[in-house]
$ cat start_7.tsv   # TSV, C-alpha atoms
chain	number	residue	atom	x	y	z
A	661	MET	CA	-9.15	9.52	-3.79
A	662	THR	CA	-6.55	10.67	-6.25
A	663	SER	CA	-7.88	12.69	-9.13
A	664	THR	CA	-6.54	13.08	-12.64
A	665	HIS	CA	-4.26	15.78	-11.21
A	666	THR	CA	-2.32	13.15	-9.35
A	667	LYS	CA	1.07	13.00	-7.74
A	668	HIS	CA	1.87	10.33	-10.32
A	669	ASP	CA	1.55	10.44	-14.07
A	670	ALA	CA	-1.51	8.59	-15.33
A	671	ALA	CA	0.02	5.30	-16.38
A	672	LYS	CA	-0.59	3.16	-19.41
A	673	SER	CA	-0.94	-0.33	-18.02
A	674	ASN	CA	0.48	-3.41	-19.71
A	675	THR	CA	-2.71	-5.20	-18.65
A	676	GLU	CA	-6.01	-4.87	-20.52
A	677	LEU	CA	-8.58	-3.35	-18.17
A	678	THR	CA	-12.22	-2.42	-18.61
A	679	GLN	CA	-13.54	1.09	-17.96
A	680	LEU	CA	-15.25	-0.20	-14.82
A	681	GLN	CA	-12.01	-1.69	-13.50
A	682	GLN	CA	-10.15	1.53	-14.21
A	683	ASP	CA	-12.83	3.58	-12.45
A	684	ILE	CA	-12.72	1.31	-9.40
A	685	ILE	CA	-8.93	1.54	-9.19
A	686	ASN	CA	-8.93	5.32	-9.52
A	687	ASN	CA	-11.62	5.84	-6.90
A	688	PHE	CA	-11.27	3.17	-4.25
A	689	GLN	CA	-7.63	2.87	-3.27
A	690	LYS	CA	-8.95	4.54	-0.15
A	691	GLY	CA	-12.46	5.17	1.11
A	692	PHE	CA	-13.61	1.60	0.44
A	693	PRO	CA	-17.21	1.43	1.74
A	694	LEU	CA	-17.78	0.28	5.32
A	695	CYS	CA	-21.27	-1.15	5.03
A	696	SER	CA	-23.01	-4.52	4.72
A	697	ASN	CA	-22.90	-4.49	0.91
A	698	PRO	CA	-19.76	-2.57	-0.10
A	699	TYR	CA	-19.85	-3.62	-3.75
A	700	LEU	CA	-23.39	-2.37	-4.09
A	701	ALA	CA	-22.28	0.93	-2.52
A	702	ILE	CA	-19.44	1.18	-5.06
A	703	ALA	CA	-21.87	0.50	-7.91
A	704	GLN	CA	-24.17	3.25	-6.65
A	705	LYS	CA	-21.32	5.75	-6.17
A	706	LEU	CA	-19.91	5.12	-9.64
A	707	THR	CA	-23.36	5.34	-11.22
A	708	VAL	CA	-23.96	8.74	-9.62
A	709	ALA	CA	-20.49	9.96	-10.64
A	710	GLN	CA	-21.00	8.87	-14.25
A	711	LYS	CA	-24.43	10.48	-14.45
A	712	LEU	CA	-22.98	13.76	-13.16
A	713	SER	CA	-20.15	13.63	-15.70
A	714	ASN	CA	-22.72	12.90	-18.44
A	715	ASN	CA	-24.99	15.78	-17.42
A	716	HIS	CA	-27.41	13.44	-15.63
A	717	CYS	CA	-28.00	11.31	-18.72
A	718	ALA	CA	-29.06	7.75	-17.90
A	719	LEU	CA	-26.58	4.96	-18.62
A	720	ASN	CA	-27.53	2.56	-21.38
A	721	GLU	CA	-28.28	-1.00	-20.38
A	722	GLU	CA	-24.89	-2.45	-21.31
A	723	ASN	CA	-23.12	0.15	-19.19
A	724	GLN	CA	-25.27	-0.36	-16.09
A	725	ILE	CA	-23.11	-0.82	-13.00
A	726	THR	CA	-24.39	-3.45	-10.58
A	727	GLU	CA	-23.19	-5.00	-7.36
A	728	LEU	CA	-22.23	-8.18	-9.18
A	729	SER	CA	-20.44	-6.42	-12.02
A	730	VAL	CA	-18.29	-4.53	-9.49
A	731	PHE	CA	-17.57	-7.69	-7.52
A	732	ASN	CA	-16.61	-9.65	-10.64
A	733	ALA	CA	-14.48	-6.77	-11.93
A	734	LEU	CA	-12.50	-6.87	-8.68
A	735	LEU	CA	-12.17	-10.66	-8.81
A	736	ASP	CA	-10.74	-10.32	-12.32
A	737	LEU	CA	-8.27	-7.65	-11.15
A	738	ASP	CA	-7.13	-10.03	-8.45
A	739	ASN	CA	-6.75	-12.88	-10.94
A	740	LEU	CA	-4.77	-10.60	-13.26
A	741	GLY	CA	-2.41	-9.79	-10.40
A	742	VAL	CA	-3.23	-6.08	-10.56
A	743	THR	CA	-4.43	-5.88	-6.96
A	744	SER	CA	-2.59	-7.21	-3.95
A	745	ARG	CA	-5.65	-7.09	-1.71
A	746	ILE	CA	-8.58	-4.95	-0.57
A	747	GLY	CA	-7.98	-3.88	2.98
A	748	PRO	CA	-6.05	-1.69	5.36
A	749	VAL	CA	-2.68	0.00	5.15
A	750	PHE	CA	-1.62	0.42	8.76
A	751	ASP	CA	0.35	3.25	10.31
A	752	HIS	CA	3.51	1.34	11.17
A	753	LYS	CA	4.26	3.31	14.34
A	754	LYS	CA	0.80	2.69	15.75
A	755	ALA	CA	0.49	-0.89	14.50
A	756	GLY	CA	3.77	-2.24	15.90
A	757	ALA	CA	7.40	-2.13	14.87
A	758	SER	CA	8.92	-2.04	11.40
A	759	THR	CA	12.07	-1.26	9.50
A	760	LEU	CA	13.51	-1.00	6.03
A	761	ALA	CA	16.41	-3.43	5.66
A	762	ALA	CA	18.95	-4.35	3.03
A	763	LEU	CA	21.51	-7.00	2.18
A	764	ALA	CA	24.57	-6.82	-0.07
A	765	VAL	CA	24.21	-9.99	-2.12
A	766	ASP	CA	26.42	-11.46	-4.82
A	767	GLU	CA	24.36	-11.13	-7.99
A	768	LYS	CA	24.55	-14.85	-8.74
A	769	ASP	CA	23.04	-15.62	-5.32
A	770	LEU	CA	20.33	-12.96	-5.41
A	771	ASN	CA	17.38	-15.22	-6.22
A	772	LYS	CA	18.43	-17.77	-3.60
A	773	ILE	CA	18.88	-15.18	-0.84
A	774	ALA	CA	15.64	-13.44	-1.81
A	775	SER	CA	13.77	-16.74	-1.43
A	776	ILE	CA	15.20	-17.16	2.07
A	777	VAL	CA	14.06	-13.67	3.04
A	778	ASN	CA	10.64	-14.30	1.51
A	779	GLN	CA	10.07	-17.25	3.82
A	780	PHE	CA	9.43	-14.88	6.70
A	781	GLU	CA	5.79	-13.84	7.15
A	782	GLN	CA	7.07	-10.61	8.71
A	783	VAL	CA	8.64	-9.56	5.37
A	784	ASN	CA	6.02	-7.83	3.24
A	785	HIS	CA	8.01	-6.07	0.49
A	786	ASN	CA	11.19	-7.43	-1.06
A	787	TYR	CA	12.85	-5.85	-4.12
A	788	ALA	CA	16.12	-6.05	-5.99
A	789	ARG	CA	17.50	-2.53	-6.46
A	790	GLY	CA	20.57	-1.37	-8.32
A	791	SER	CA	22.67	1.72	-7.63
A	792	HIS	CA	22.56	4.07	-10.61
A	793	PHE	CA	25.99	5.43	-9.69
A	794	ASP	CA	27.45	2.10	-8.48
A	795	LYS	CA	27.98	3.61	-5.04
A	796	THR	CA	26.67	0.73	-2.93
A	797	ASP	CA	26.58	-3.04	-2.96
A	798	TYR	CA	23.25	-3.17	-1.08
A	799	ASN	CA	20.94	-4.63	-3.70
A	800	LEU	CA	18.21	-6.57	-1.85
A	801	TRP	CA	15.81	-4.26	-0.04
A	802	PHE	CA	12.92	-5.44	2.10
A	803	VAL	CA	10.53	-4.27	4.83
A	804	VAL	CA	10.14	-6.21	8.07
A	805	THR	CA	7.25	-5.70	10.50
A	806	ALA	CA	6.48	-7.19	13.91
A	807	SER	CA	4.36	-6.70	16.99
A	808	ASP	CA	7.19	-5.00	18.92
A	809	PRO	CA	10.94	-4.18	18.68
A	810	VAL	CA	11.97	-7.44	20.36
A	811	ALA	CA	10.07	-9.54	17.82
A	812	LEU	CA	11.43	-7.36	15.02
A	813	ASN	CA	15.03	-7.88	16.13
A	814	TYR	CA	14.42	-11.62	16.41
A	815	THR	CA	13.34	-11.78	12.76
A	816	LEU	CA	16.33	-9.71	11.62
A	817	THR	CA	18.67	-11.99	13.55
A	818	ARG	CA	17.09	-15.07	11.97
A	819	ILE	CA	17.56	-13.56	8.50
A	820	GLU	CA	21.23	-12.95	9.23
A	821	LEU	CA	21.70	-16.51	10.47
A	822	LEU	CA	19.98	-18.10	7.48
A	823	THR	CA	21.62	-15.90	4.82
A	824	GLY	CA	25.06	-15.55	6.43
A	825	LEU	CA	24.91	-11.82	5.63
A	826	THR	CA	24.78	-8.71	7.79
A	827	VAL	CA	21.50	-6.84	7.56
A	828	LEU	CA	21.54	-3.07	7.09
A	829	VAL	CA	18.76	-1.89	9.43
A	830	LEU	CA	17.14	1.47	8.65
A	831	PRO	CA	14.05	2.18	10.78
A	832	MET	CA	11.98	5.23	9.93
A	833	GLU	CA	12.80	8.21	12.13
A	834	ALA	CA	10.41	10.73	10.58
A	835	SER	CA	7.75	10.60	7.89
A	836	TYR	CA	7.17	13.66	5.71
A	837	HIS	CA	4.93	12.29	2.98
A	838	LEU	CA	3.27	8.94	2.22
A	839	ASP	CA	1.07	8.61	-0.86
A	840	LEU	CA	0.91	5.39	-2.84
A	841	ALA	CA	-2.38	5.86	-4.68
A	842	PHE	CA	-1.92	5.51	-8.41
A	843	THR	CA	-4.09	6.97	-11.15
A	844	ILE	CA	-4.30	5.18	-14.48
A	845	ASN	CA	-5.86	5.82	-17.87
A	846	VAL	CA	-5.71	2.73	-20.07
A	847	THR	CA	-9.05	3.21	-21.80
A	848	GLY	CA	-8.48	6.72	-23.11
A	849	LYS	CA	-11.35	7.98	-20.97
A	850	VAL	CA	-10.73	9.79	-17.71
A	851	SER	CA	-12.44	8.15	-14.74
A	852	SER	CA	-15.36	9.97	-13.15
A	853	LYS	CA	-14.65	10.97	-9.57
A	854	VAL	CA	-16.91	9.79	-6.76
A	855	ASN	CA	-17.96	12.03	-3.92
A	856	GLU	CA	-15.35	11.59	-1.16
A	857	GLU	CA	-17.52	13.40	1.37
A	858	VAL	CA	-19.99	10.52	1.28
A	859	SER	CA	-17.24	8.08	2.30
A	860	LEU	CA	-16.12	10.33	5.15
A	861	GLU	CA	-19.72	10.67	6.32
A	862	ALA	CA	-20.08	6.88	6.33
A	863	ILE	CA	-16.96	6.53	8.49
A	864	SER	CA	-18.33	9.07	10.95
A	865	LYS	CA	-21.66	7.24	11.12
A	866	SER	CA	-19.89	3.92	11.69
A	867	THR	CA	-17.82	5.41	14.49
A	868	LEU	CA	-20.98	6.81	16.07
A	869	GLN	CA	-22.47	3.31	15.94
A	870	LEU	CA	-19.55	2.05	18.02
A	871	SER	CA	-20.84	3.99	21.02
A	872	LYS	CA	-24.22	2.30	20.56
A	873	THR	CA	-22.80	-1.18	19.96
A	874	LEU	CA	-21.21	-3.59	22.37
A	875	PRO	CA	-17.47	-3.02	21.75
A	876	LEU	CA	-15.17	-5.81	20.69
A	877	THR	CA	-13.02	-7.38	23.39
A	878	GLU	CA	-9.26	-6.92	23.14
A	879	ILE	CA	-8.93	-10.52	21.94
A	880	GLU	CA	-11.54	-9.91	19.24
A	881	LYS	CA	-9.75	-6.72	18.17
A	882	SER	CA	-6.49	-8.66	17.80
A	883	GLN	CA	-8.30	-11.35	15.83
A	884	LEU	CA	-9.88	-8.74	13.58
A	885	ARG	CA	-6.56	-7.04	12.92
A	886	LYS	CA	-4.91	-10.31	12.00
A	887	LEU	CA	-7.72	-11.36	9.68
A	888	ILE	CA	-7.75	-8.11	7.70
A	889	GLU	CA	-3.97	-7.93	7.25
A	890	THR	CA	-4.24	-10.07	4.13
A	891	GLY	CA	-7.35	-8.27	2.90
A	892	LEU	CA	-11.08	-8.73	2.89
A	893	PRO	CA	-12.51	-12.18	2.06
A	894	LYS	CA	-13.83	-12.51	-1.47
A	895	GLN	CA	-17.47	-12.36	-0.49
A	896	LEU	CA	-20.32	-10.02	-1.39
A	897	GLN	CA	-20.68	-9.36	2.35
A	898	PRO	CA	-17.07	-9.51	3.56
A	899	TYR	CA	-17.61	-7.88	6.95
A	900	LYS	CA	-20.29	-10.43	7.80
A	901	LYS	CA	-17.82	-13.22	6.98
A	902	ILE	CA	-15.19	-11.66	9.24
A	903	ALA	CA	-17.73	-11.19	12.04
A	904	GLN	CA	-18.64	-14.87	11.88
A	905	ALA	CA	-14.95	-15.81	12.17
A	906	ILE	CA	-14.48	-13.86	15.42
A	907	ASN	CA	-17.99	-14.55	16.80
A	908	SER	CA	-19.07	-10.91	16.73
A	909	SER	CA	-21.64	-8.90	14.81
A	910	GLU	CA	-21.15	-7.31	11.41
A	911	GLN	CA	-21.97	-3.93	12.92
A	912	GLN	CA	-19.21	-4.34	15.51
A	913	VAL	CA	-16.65	-5.15	12.81
A	914	ILE	CA	-17.63	-2.21	10.62
A	915	ALA	CA	-17.67	0.21	13.55
A	916	GLN	CA	-14.26	-0.95	14.78
A	917	LEU	CA	-12.69	-0.56	11.33
A	918	ALA	CA	-14.13	2.95	11.12
A	919	LYS	CA	-12.74	3.82	14.53
A	920	TRP	CA	-9.28	2.57	13.57
A	921	GLN	CA	-9.40	4.84	10.52
A	922	GLN	CA	-10.36	7.83	12.62
A	923	THR	CA	-7.65	7.19	15.21
A	924	GLY	CA	-5.04	6.73	12.47
A	925	LEU	CA	-4.17	3.09	13.12
A	926	ILE	CA	-5.41	2.47	9.56
A	927	ARG	CA	-3.97	5.11	7.20
A	928	ARG	CA	-6.16	4.10	4.29
A	929	PHE	CA	-8.61	1.31	3.55
A	930	GLY	CA	-9.17	0.14	0.00
A	931	LEU	CA	-7.55	-1.44	-3.04
A	932	VAL	CA	-3.82	-2.03	-2.76
A	933	VAL	CA	-2.47	-2.23	-6.30
A	934	LYS	CA	0.70	-3.73	-7.68
A	935	HIS	CA	2.13	-0.66	-9.35
A	936	ARG	CA	4.31	-2.58	-11.80
A	937	LYS	CA	1.19	-4.19	-13.28
A	938	LEU	CA	-0.16	-0.69	-13.87
A	939	GLY	CA	2.87	0.36	-15.90
A	940	TYR	CA	4.98	1.90	-13.12
A	941	ASN	CA	8.24	0.10	-13.89
A	942	ALA	CA	10.72	2.96	-13.40
A	943	ASN	CA	10.75	3.30	-9.63
A	944	ALA	CA	13.61	5.11	-7.95
A	945	MET	CA	14.59	5.27	-4.31
A	946	VAL	CA	16.61	8.48	-4.07
A	947	VAL	CA	18.81	8.82	-0.97
A	948	TRP	CA	20.56	11.97	0.21
A	949	ASN	CA	23.20	12.78	2.80
A	950	ILE	CA	21.68	15.95	4.25
A	951	ASN	CA	23.13	17.90	7.15
A	952	SER	CA	21.18	16.85	10.26
A	953	GLU	CA	20.29	20.47	11.09
A	954	GLU	CA	18.82	21.02	7.63
A	955	VAL	CA	17.20	17.68	6.85
A	956	ASP	CA	13.72	18.52	8.16
A	957	ALA	CA	13.55	21.76	6.17
A	958	VAL	CA	14.75	20.09	2.96
A	959	ALA	CA	12.36	17.18	3.47
A	960	ALA	CA	9.40	19.52	3.95
A	961	ILE	CA	10.05	21.04	0.52
A	962	LEU	CA	10.83	17.72	-1.11
A	963	ALA	CA	7.62	16.18	0.22
A	964	LYS	CA	5.55	18.78	-1.62
A	965	ARG	CA	7.02	17.93	-4.98
A	966	ALA	CA	4.48	16.45	-7.38
A	967	GLU	CA	6.85	13.67	-8.40
A	968	VAL	CA	7.52	12.41	-4.88
A	969	SER	CA	5.29	9.65	-3.55
A	970	LEU	CA	7.20	8.86	-0.33
A	971	CYS	CA	9.58	10.95	1.74
A	972	TYR	CA	11.09	9.97	5.09
A	973	ARG	CA	14.20	10.18	7.29
A	974	ARG	CA	16.21	7.13	8.33
A	975	PRO	CA	19.49	6.80	10.26
A	976	ARG	CA	22.93	6.80	8.68
A	977	ARG	CA	24.97	3.63	9.21
A	978	LEU	CA	28.54	4.80	8.79
A	979	PRO	CA	30.79	3.99	7.09
A	980	ASP	CA	28.65	1.75	4.85
A	981	TRP	CA	25.57	3.94	4.54
A	982	PRO	CA	25.92	7.76	4.74
A	983	TYR	CA	22.38	8.68	3.62
A	984	ASN	CA	19.60	9.90	5.92
A	985	LEU	CA	16.85	11.29	3.64
A	986	PHE	CA	14.88	8.98	1.37
A	987	CYS	CA	12.28	9.68	-1.29
A	988	MET	CA	10.50	7.45	-3.78
A	989	ILE	CA	9.59	8.49	-7.30
A	990	HIS	CA	7.36	6.07	-9.20
A	991	GLY	CA	7.34	6.50	-12.95
A	992	THR	CA	6.69	4.82	-16.26
A	993	ASP	CA	9.88	5.93	-18.00
A	994	LYS	CA	13.37	5.73	-16.48
A	995	ASN	CA	14.79	8.68	-18.41
A	996	ARG	CA	11.91	10.87	-17.32
A	997	VAL	CA	12.40	9.85	-13.69
A	998	LEU	CA	16.10	10.69	-13.95
A	999	GLN	CA	15.20	14.08	-15.40
A	1000	GLN	CA	12.75	14.68	-12.55
A	1001	ILE	CA	15.48	13.88	-10.04
A	1002	GLU	CA	17.86	16.25	-11.83
A	1003	ASP	CA	15.23	19.02	-11.75
A	1004	ILE	CA	14.66	18.47	-8.03
A	1005	THR	CA	18.41	18.51	-7.38
A	1006	LYS	CA	18.87	21.84	-9.16
A	1007	GLN	CA	15.76	23.57	-7.87
A	1008	LEU	CA	16.47	22.65	-4.26
A	1009	SER	CA	20.18	23.54	-4.62
A	1010	LEU	CA	21.24	20.01	-3.76
A	1011	SER	CA	23.82	19.54	-6.54
A	1012	LYS	CA	26.71	19.40	-4.09
A	1013	ILE	CA	24.91	17.05	-1.71
A	1014	GLU	CA	25.94	13.40	-1.85
A	1015	LYS	CA	23.16	11.19	-3.20
A	1016	ASP	CA	22.45	7.87	-4.83
A	1017	ILE	CA	19.58	6.56	-6.95
A	1018	LEU	CA	18.50	2.95	-6.60
A	1019	PHE	CA	16.09	1.68	-9.24
A	1020	SER	CA	14.12	-1.47	-8.46
A	1021	TYR	CA	14.52	-4.10	-11.16
A	1022	LYS	CA	12.83	-7.16	-9.68
A	1023	ALA	CA	9.92	-7.58	-7.26
A	1024	TYR	CA	10.27	-10.68	-5.11
A	1025	LYS	CA	7.41	-10.02	-2.72
A	1026	GLN	CA	4.57	-7.55	-2.14
A	1027	LYS	CA	1.90	-8.21	0.44
A	1028	GLY	CA	0.20	-6.60	3.41
A	1029	ALA	CA	2.27	-5.94	6.52
A	1030	SER	CA	2.01	-8.59	9.25
A	1031	TYR	CA	2.32	-7.20	12.78
A	1032	LEU	CA	0.65	-9.93	14.83
A	1033	LYS	CA	1.34	-13.64	15.13
A	1034	SER	CA	-0.65	-16.06	12.99
A	1035	SER	CA	-3.39	-18.03	14.65
A	1036	HIS	CA	-5.48	-21.14	14.07
A	1037	LEU	CA	-8.40	-18.74	13.62
A	1038	LYS	CA	-6.79	-17.15	10.57
A	1039	ARG	CA	-5.90	-20.48	8.99
A	1040	ASN	CA	-9.44	-21.78	9.42
A	1041	TYR	CA	-10.85	-18.49	8.16
A	1042	LEU	CA	-8.76	-18.64	5.00
A	1043	ARG	CA	-9.64	-22.28	4.46
A	1044	ASN	CA	-13.35	-21.48	4.72
A	1045	GLU	CA	-12.99	-18.49	2.42
A	1046	ILE	CA	-11.53	-20.58	-0.37
A	1047	GLY	CA	-14.39	-23.01	-0.21
A	1048	GLY	CA	-17.03	-20.44	0.62
A	1049	THR	CA	-19.73	-18.79	-1.42
A	1050	HIS	CA	-20.09	-15.19	-2.54
A	1051	GLY	CA	-23.10	-14.64	-0.28
$ encode --input "start_7.tsv" --output "structure tokens"
Amino acid sequence: MTSTHTKHDAAKSNTELTQLQQDIINNFQKGFPLCSNPYLAIAQKLTVAQKLSNNHCALNEENQITELSVFNALLDLDNLGVTSRIGPVFDHKKAGASTLAALAVDEKDLNKIASIVNQFEQVNHNYARGSHFDKTDYNLWFVVTASDPVALNYTLTRIELLTGLTVLVLPMEASYHLDLAFTINVTGKVSSKVNEEVSLEAISKSTLQLSKTLPLTEIEKSQLRKLIETGLPKQLQPYKKIAQAINSSEQQVIAQLAKWQQTGLIRRFGLVVKHRKLGYNANAMVVWNINSEEVDAVAAILAKRAEVSLCYRRPRRLPDWPYNLFCMIHGTDKNRVLQQIEDITKQLSLSKIEKDILFSYKAYKQKGASYLKSSHLKRNYLRNEIGGTHG
């Protein structure tokens, strides 16, 4: 999990958070426990971490961390809109097909067109972005996912038909760096760091259990994937709830999730936060027109920069879109982000390279990626979750 020496500045959130909520956010954006009682495991991990940071001093009664206090803290984060979900972030190449896409929309029609795009379950992120240099009219940027390229193209075609606009399609060609874990400090106290090795050991144990447990059928695996796309159910024993929905055992579900993490289908498993709620409101997509023979070398250096959270190569679409290297810089102050981009430009000798900076200024949609078709199972599962208990 990201430490205080993060690839992002520790943000001051606009939302009032407790120390416990801050500690959970800073420690469990990945490595969320795979066990029968994950919230109890989080309570135990945070208690150990705090005792170590306090030289093994016992916590006073009002600061005791319990399973229920962790669970309620996460429910409150969800109600505040700070978290999108608790669950997997899939590797898009292994999970199915996906692409970044954009539309050039008349500003007066932006909300209307964005609502049309949002209707599609396959669209998971949708942002309005503005060109800092007024170089492009593409101002609505969204991500589309699907089970395969044919299904992906079908969705893109439908979007074009419904909006009457041509979609700029920019699939990822190479990924150099992906890191969207954010560290915050809204309480004035740095969060204690849990032992990551314990989480890795738990994943290894769960994967070992898979060889001793009757494996899920392919249908059950598909059902499991679809159910967890929107996050874990809000239950004290979420994996048990999922197992009941697909008529399997809790152990099978936990072991399968662990295996998917080890094979890379799941890149990380944990809290997915809404970065704007955490104070990251100055978010720039920087695009460069790099010579094709040099792009990999430049990207390798760019990806190591502390400011850069995402770095990837996408195709040019001439004459409308000449850029092939993308990087994201998430910040809390626009002027500082612009200065960081200027520093990168000078230090990497990119001053003569054509570039643009697109700052996001409105978030229309942010949810988990949907690669598989919806099913009656998922609808019933969600209906039961809403009316279910925390047991």
$ closest_residue --input "start_7.tsv" --among "A:Leu680, A:Ala755, A:Ala733, A:Ala761" --to "Trp981 in chain A" --atoms "all atoms listed in the file"
A:Ala761
$ closest_atom_pairs --input "start_7.tsv" --of "range 702-810 of chain A" --to "range 914-934 of chain A" --cutoff "6 Å" --atoms "all atoms listed in the file" --output "CSV"
residue,atom,partner,partner_atom,distance
A:Val742,CA,A:Lys934,CA,5.4
A:Thr743,CA,A:Val933,CA,4.2
A:Ser744,CA,A:Val932,CA,5.5
A:Arg745,CA,A:Val932,CA,5.5
A:Ile746,CA,A:Leu931,CA,4.4
A:Gly747,CA,A:Gly930,CA,5.1
A:Pro748,CA,A:Phe929,CA,4.3
A:Val749,CA,A:Arg928,CA,5.4
A:Phe750,CA,A:Ile926,CA,4.4
A:Asp751,CA,A:Leu925,CA,5.3
A:Lys754,CA,A:Leu925,CA,5.6
$ closest_residue --input "start_7.tsv" --among "A:Met988, A:Ile685, A:Val997, A:Leu970" --to "Leu838 in chain A" --atoms "only C-alpha atoms"
A:Leu970
$ residues_around --input "start_7.tsv" --residues "Ala709 in chain A" --least-positions-apart "6" --cutoff "8 Å" --atoms "all atoms listed in the file" --output "number ranges by chain"
A: 852-855
$ closest_residue --input "start_7.tsv" --among "A:Leu694, A:Leu800, A:Ala701, A:Leu887" --to "Ala1029 in chain A" --atoms "all atoms listed in the file"
A:Leu887
$ residues_around --input "start_7.tsv" --residues "Ala811 in chain A" --least-positions-apart "2" --cutoff "12 Å" --atoms "all atoms listed in the file" --output "ChimeraX atom specification"
/A:756-759,782,804-809,813-818,1030-1033
$ closest_residue --input "start_7.tsv" --among "A:Phe692, A:Tyr798, A:Phe731, A:Tyr699" --to "Asp980 in chain A" --atoms "all atoms listed in the file"
A:Tyr798
$ atom_distance --input "start_7.tsv" --atom1 "CA of Tyr1021 in chain A" --atom2 "CA of Leu760 in chain A"
17.5 Å
$ closest_residue --input "start_7.tsv" --among "A:Val947, A:Leu812, A:Leu830, A:Leu734" --to "Lys894 in chain A" --atoms "only C-alpha atoms"
A:Leu734
$ atom_distance --input "start_7.tsv" --atom1 "CA of Ala764 in chain A" --atom2 "CA of Asp797 in chain A"
5.2 Å
$ atom_distance --input "start_7.tsv" --atom1 "CA of Val765 in chain A" --atom2 "CA of Ile1001 in chain A"
26.6 Å
$ closest_residue --input "start_7.tsv" --among "A:Val810, A:Ala774, A:Leu962, A:Ala905" --to "Glu880 in chain A" --atoms "all atoms listed in the file"
A:Ala905
$ residues_near_point --input "start_7.tsv" --point "(-13.4, 9.8, -13.3)" --cutoff "9 Å" --atoms "all atoms listed in the file" --output "mmCIF file with C-alpha atoms, in the coordinates of the input"
data_model
loop_
_atom_site.group_PDB
_atom_site.id
_atom_site.type_symbol
_atom_site.label_atom_id
_atom_site.label_comp_id
_atom_site.auth_asym_id
_atom_site.auth_seq_id
_atom_site.Cartn_x
_atom_site.Cartn_y
_atom_site.Cartn_z
ATOM 1 C CA SER A 663 -7.880 12.690 -9.130
ATOM 2 C CA THR A 664 -6.540 13.080 -12.640
ATOM 3 C CA GLN A 682 -10.150 1.530 -14.210
ATOM 4 C CA ASP A 683 -12.830 3.580 -12.450
ATOM 5 C CA ASN A 686 -8.930 5.320 -9.520
ATOM 6 C CA ASN A 687 -11.620 5.840 -6.900
ATOM 7 C CA LEU A 706 -19.910 5.120 -9.640
ATOM 8 C CA ALA A 709 -20.490 9.960 -10.640
ATOM 9 C CA GLN A 710 -21.000 8.870 -14.250
ATOM 10 C CA SER A 713 -20.150 13.630 -15.700
ATOM 11 C CA LYS A 849 -11.350 7.980 -20.970
ATOM 12 C CA VAL A 850 -10.730 9.790 -17.710
ATOM 13 C CA SER A 851 -12.440 8.150 -14.740
ATOM 14 C CA SER A 852 -15.360 9.970 -13.150
ATOM 15 C CA LYS A 853 -14.650 10.970 -9.570
ATOM 16 C CA VAL A 854 -16.910 9.790 -6.760
#
$ residues_around --input "start_7.tsv" --residues "Val777 in chain A" --least-positions-apart "4" --cutoff "9 Å" --atoms "only C-alpha atoms" --output "ChimeraX atom specification"
/A:772-773,783,786,802,819,822-823
$ decode --input "start_7.tsv" --residues "range 895-906 of chain A" --atoms "N, CA and C atoms" --output "compact mmCIF listing (two decimals), in the first residue's frame"
# COMPACT_ATOMS: atom_id res chain seq x y z
N GLN A 895 -21.70 -6.41 3.63
CA GLN A 895 -21.96 -7.43 4.64
C GLN A 895 -20.68 -7.66 5.45
N LEU A 896 -20.83 -8.07 6.70
CA LEU A 896 -19.64 -8.38 7.50
C LEU A 896 -18.90 -9.57 6.93
N GLN A 897 -19.62 -10.47 6.27
CA GLN A 897 -18.99 -11.63 5.62
C GLN A 897 -19.34 -11.60 4.12
N PRO A 898 -18.72 -10.71 3.37
CA PRO A 898 -19.10 -10.50 1.98
C PRO A 898 -18.86 -11.70 1.07
N TYR A 899 -17.78 -12.44 1.32
CA TYR A 899 -17.47 -13.58 0.45
C TYR A 899 -18.48 -14.71 0.64
N LYS A 900 -19.00 -14.83 1.84
CA LYS A 900 -20.05 -15.82 2.11
C LYS A 900 -21.31 -15.46 1.33
N LYS A 901 -21.64 -14.17 1.29
CA LYS A 901 -22.81 -13.70 0.56
C LYS A 901 -22.66 -14.00 -0.93
N ILE A 902 -21.49 -13.73 -1.47
CA ILE A 902 -21.22 -14.00 -2.88
C ILE A 902 -21.33 -15.50 -3.16
N ALA A 903 -20.75 -16.31 -2.28
CA ALA A 903 -20.78 -17.76 -2.45
C ALA A 903 -22.22 -18.28 -2.50
N GLN A 904 -23.05 -17.74 -1.65
CA GLN A 904 -24.46 -18.15 -1.65
C GLN A 904 -25.12 -17.81 -2.98
N ALA A 905 -24.75 -16.66 -3.57
CA ALA A 905 -25.36 -16.22 -4.82
C ALA A 905 -25.02 -17.13 -5.99
N ILE A 906 -23.82 -17.74 -5.96
CA ILE A 906 -23.41 -18.60 -7.08
C ILE A 906 -23.42 -20.09 -6.69
